[in-house]
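This report concerns only the one structure given below.
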Amino acid sequence: MLMKKKRYFAILLCSAVFATGLLAGCADDVMLAGKDGDRYQNVEGTWCSLRDVETRRLRQTVGLYDDQPLEFDLYVEMSHTERRAVDLDITIDAEYLRTYNEQNGTEYAVYPALSLVSIADDGAAVVVPGYKESETVRVTIEKNASVAEGEVYAIPFSLTSRTDGVGVTQQGAHYMLFVENWGV
């Protein structure tokens with residue numbers, strides 16, 4: 001008889017815990033405030049970030065050698081799918097490098113030949129309806145004689161949305177490419 005009471009009590013306790021979890025999970029008015037609440041700023045809405053196809057990261061280091069152009073692909077990743085096409089622009093943003101250096105305590109110089117950096121389709125990226133990723137956008141970097149051997153330069157790219165209701169995350173708004181002349 002004592003075992004039946006313990007079993008009954010355990011089942012009752014588990015049911016109460018389960019019901020409490022269900023009710024707490026249904027709350028619509030959860031308030032997040034302060035520093036910890038800031039990390040949840042992008043929960044609602046559709047947000048985009050600019051990434052490298054190979055590493056899927058927000059930055060990468062590459063080397064130039066043999067006077068060959070360097071080609072790589074970027075893409076845009078979204079937090080949710082949309083029922084409409086999302087139009088975005090990828091541009092080179094040399095001004096962002098100053099902000100990056102200040103935030104990270106670095107002193108990178110901008111790639112000295114930005115005119116030799118080209119972005120396919122004038123940097124236009126599109127995420128088609130029902131998808132969370134854009135087609136890739138090819139970036140080509142021509143080597144320049146003014147690029148010192150062993151020196152690391154930065155090329156900052158920025159992402160902007162041209163579609164109402166689709167934003168760009170603060171962190172994902174920029175992609176940093178670090179370029180080094182390996183001289184081989």
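Each chain in the structure tokens gets a letter, A, B and so on, in the order shown; residues start at 1 in every chain, and ligands are counted from 1 in the order they appear.
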For this session: Might you pull out every residue within 6 Å of range 122-124 of chain A, with only C-alpha atoms counted and same-chain residues fewer than 2 positions away left off, and present them as a ChimeraX atom specification?
Result: /A:88-90,119-120
All residues 8 Å or closer to Val126 in chain A, only C-alpha atoms, same chain fewer than 3 positions away omitted, as a short mmCIF file (atom, residue, chain, number, x, y, z; two decimals) with N, CA, C and O atoms, in the first residue's frame:
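Dumped to part_3.cif:
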data_model
loop_
_atom_site.label_atom_id
_atom_site.label_comp_id
_atom_site.auth_asym_id
_atom_site.auth_seq_id
_atom_site.Cartn_x
_atom_site.Cartn_y
_atom_site.Cartn_z
N ALA A 85 10.44 37.75 -52.60
CA ALA A 85 11.87 37.87 -52.84
C ALA A 85 12.44 38.97 -51.94
O ALA A 85 11.79 39.99 -51.71
N VAL A 86 13.63 38.74 -51.45
CA VAL A 86 14.31 39.72 -50.59
C VAL A 86 15.52 40.25 -51.37
O VAL A 86 16.39 39.48 -51.78
N ASP A 87 15.54 41.56 -51.60
CA ASP A 87 16.62 42.20 -52.34
C ASP A 87 17.62 42.83 -51.38
O ASP A 87 17.23 43.58 -50.48
N LEU A 88 18.91 42.53 -51.61
CA LEU A 88 19.97 43.01 -50.73
C LEU A 88 21.13 43.55 -51.56
O LEU A 88 21.28 43.20 -52.74
N SER A 134 20.72 33.28 -50.00
CA SER A 134 20.77 33.83 -51.36
C SER A 134 21.65 32.95 -52.24
O SER A 134 22.39 32.09 -51.75
N GLU A 135 21.59 33.22 -53.52
CA GLU A 135 22.57 32.64 -54.44
C GLU A 135 23.92 33.26 -54.07
O GLU A 135 23.98 34.34 -53.49
#
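Restricting the calculation to only C-alpha atoms, the smallest distance between Val179 in chain A and any of A:Glu142, A:Asp73, A:Asp93, A:Glu102 is found for A:Glu142.
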For this session: Can you pull out every residue within 10 Å of Thr136 in chain A, counting only C-alpha atoms, but drop anything in the same chain fewer than 2 positions away, and send it as an MDAnalysis selection string?
Result: chainID A and resid 51:53 72:76 120 125:126 133:134 138:139
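Across A:Tyr111, A:Phe157, A:Tyr131, A:Tyr175, the tightest approach to Ser79 in chain A is made by A:Tyr131 when counting only C-alpha atoms.
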Problem set entry | Neighbour list for Val117 in chain A as a VMD selection string, cut-off 10 Å, only C-alpha atoms, skip fewer than 3 positions in-chain | chain A and resid 69 to 71 92 111 113 to 114 139 to 143 155
Problem set entry | Residue among A:Thr81, A:Thr61, A:Thr55, A:Thr99 lying closest to Asn181 in chain A, counting only C-alpha atoms | A:Thr61
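Distance check against Arg56 in chain A using only C-alpha atoms: of A:Gly172, A:Thr91, A:Thr163, A:Ala148, the minimum falls on A:Gly172.
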